[in-house]
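Worksheet for the structure shown next.
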Amino acid sequence: MHDEQNERYRLGLPDMDAQHHYLYALFDRLEPSATVTDAAAAASLLAEIERYLLYHFACEEHLMRMYKFPQFAAHQGDHAGAENKLGQFLNDFEQRQLNPARLRLFLTGWLMEHSRLSDAVYAAWIQQCRGEPALSAAASEPLD
Ligand SMILES: [Fe+2]
Ligand SMILES: [Fe+2]
């Protein structure tokens, strides 16, 4: 079994790590149930998740462009895939068919995997551009 906290590792870019941390906190606020019990609270939380996730993607994509990250297009494609999937869940919510537990599992799992496999690569590139040592060893450190 994985220790979930160990998967929420640091990239070594403090601003992006803080954004991931806030995203995980938002995902943790999704109800761990198969149905929505408080539609108003869910609507407000989902709006914040959508806003902040898009904000985070925009920040990363801006960073990658500024530092001329070679695999920018593939990374942006990953973000677009997650946006699409979130859009499907938001449609489910509008149809009153959202399973919040499933959304929580998807978002948390996606962010863990994406940050470990993809964000870690652009982070190492930026650290190299800045002349900092790559912090891949920090990848297994829990955030808190
Ligand atoms: Fe990220
Ligand atoms: Fe990313």
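Scheme for the structure tokens: letters A, B, ... for chains in order shown; per-chain residue numbers from 1; ligand numbers from 1 in order shown.
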**Message:** How would you report the residues lying within 8 Å of ligand 1, as a list in words, if you count only C-alpha atoms and all ligand atoms?
**Reply:**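 Listed by chain and ascending number, the contacts are Met16, Asp17, Gln19, His20, His56, Phe57, Glu60, Leu111, His114, Ser115 and Asp119 of chain A.
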**Request:** Could you give me the residues within 12 Å of ligand 2, counting only C-alpha atoms and all ligand atoms, as a VMD selection string?
**Result:** chain A and resid 11 16 to 17 19 to 20 53 to 64 71 to 83 110 to 123
Residues of the last selection are to be written out with C-alpha atoms, as a compact mmCIF listing (two decimals), in the first residue's frame.
```txt
# COMPACT_ATOMS: atom_id res chain seq x y z
CA LEU A 11 9.02 19.61 -6.84
CA MET A 16 4.32 25.53 -7.55
CA ASP A 17 4.55 23.29 -4.47
CA GLN A 19 -0.22 25.58 -5.44
CA HIS A 20 -0.22 21.75 -5.38
CA LEU A 53 -6.75 24.20 -11.30
CA LEU A 54 -6.88 26.35 -14.45
CA TYR A 55 -4.87 29.04 -12.68
CA HIS A 56 -2.25 26.45 -11.71
CA PHE A 57 -2.03 25.10 -15.26
CA ALA A 58 -1.66 28.65 -16.60
CA CYS A 59 1.16 29.34 -14.12
CA GLU A 60 3.02 26.19 -15.05
CA GLU A 61 2.56 26.72 -18.77
CA HIS A 62 3.78 30.30 -18.43
CA LEU A 63 6.86 29.11 -16.54
CA MET A 64 7.55 26.41 -19.14
CA GLN A 71 8.39 19.08 -23.82
CA PHE A 72 5.93 21.94 -23.40
CA ALA A 73 3.35 20.65 -25.91
CA ALA A 74 3.07 17.19 -24.33
CA HIS A 75 2.76 18.70 -20.86
CA GLN A 76 0.09 21.11 -22.01
CA GLY A 77 -1.74 18.14 -23.55
CA ASP A 78 -1.73 16.41 -20.16
CA HIS A 79 -3.28 19.51 -18.58
CA ALA A 80 -5.92 19.66 -21.32
CA GLY A 81 -6.80 16.01 -20.70
CA ALA A 82 -7.37 16.69 -17.01
CA GLU A 83 -9.45 19.79 -17.84
CA TRP A 110 -4.20 12.54 -11.30
CA LEU A 111 -2.25 15.25 -9.46
CA MET A 112 -0.04 12.72 -7.68
CA GLU A 113 0.84 10.92 -10.88
CA HIS A 114 1.13 14.02 -13.06
CA SER A 115 3.35 15.86 -10.60
CA ARG A 116 5.60 12.84 -10.08
CA LEU A 117 5.94 11.95 -13.78
CA SER A 118 5.53 15.28 -15.61
CA ASP A 119 5.87 18.29 -13.31
CA ALA A 120 9.09 16.79 -11.93
CA VAL A 121 10.57 16.95 -15.44
CA TYR A 122 9.86 20.65 -16.08
CA ALA A 123 10.93 21.44 -12.51
```
**Prompt:** Which residues come within 6 Å of stretch 33-44 of chain A, counting only C-alpha atoms, excluding same-chain residues fewer than 4 positions away, as a PyMOL selection string?
**Reply:** chain A and resi 99-101
**Nearest to A:Leu26 by atom-to-atom distance, counting only C-alpha atoms, from A:Leu90, A:Leu13, A:Ile126, A:Ala47** =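 Of all the options, A:Ala47 lies closest to A:Leu26.
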**Atomic distance atom CA of A:Gln128 - atom CA of A:Met66, expressed in Å with one decimal** =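 Here the two named atoms are 13.7 Å from each other.
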**Asked** So how many Å separate atom CA of A:Leu105 and atom CA of A:Arg51, to one decimal?
**Response** 18.8 Å
**Request:** Give me the residues within 9 Å of A:Leu103 as a PyMOL selection string, counting only C-alpha atoms and dropping any in the same chain fewer than 5 places off.
**Result:** chain A and resi 27+30+86+89+98+108
Suppose we keep N, CA and C atoms; can you now write the selection as a short mmCIF file (atom, residue, chain, number, x, y, z; two decimals), in the first residue's frame?
```cif
data_model
loop_
_atom_site.label_atom_id
_atom_site.label_comp_id
_atom_site.auth_asym_id
_atom_site.auth_seq_id
_atom_site.Cartn_x
_atom_site.Cartn_y
_atom_site.Cartn_z
N PHE A 27 -9.24 19.27 -2.94
CA PHE A 27 -9.75 17.94 -3.29
C PHE A 27 -10.22 17.21 -2.03
N LEU A 30 -13.85 17.59 -0.96
CA LEU A 30 -14.96 16.92 -1.66
C LEU A 30 -15.52 15.83 -0.76
N LEU A 86 -12.30 16.88 -15.89
CA LEU A 86 -13.00 17.67 -14.88
C LEU A 86 -14.31 18.21 -15.45
N PHE A 89 -17.02 15.73 -15.12
CA PHE A 89 -17.57 15.67 -13.75
C PHE A 89 -18.47 16.87 -13.48
N LEU A 98 -23.40 13.81 -9.92
CA LEU A 98 -21.99 13.77 -9.54
C LEU A 98 -21.77 12.77 -8.40
N THR A 108 -7.16 13.67 -7.06
CA THR A 108 -6.00 13.42 -6.20
C THR A 108 -5.03 12.48 -6.90
#
```
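Across A:Gly131, A:Pro14, A:Gly87, A:Pro70, the tightest approach to A:Ile49 is made by A:Gly87 when counting only C-alpha atoms.
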**Message:** Restricting the calculation to only C-alpha atoms: of A:Asp15, A:Arg10, A:Glu31, A:Tyr24, which residue gets closest to A:Gly109?
**Reply:** A:Tyr24
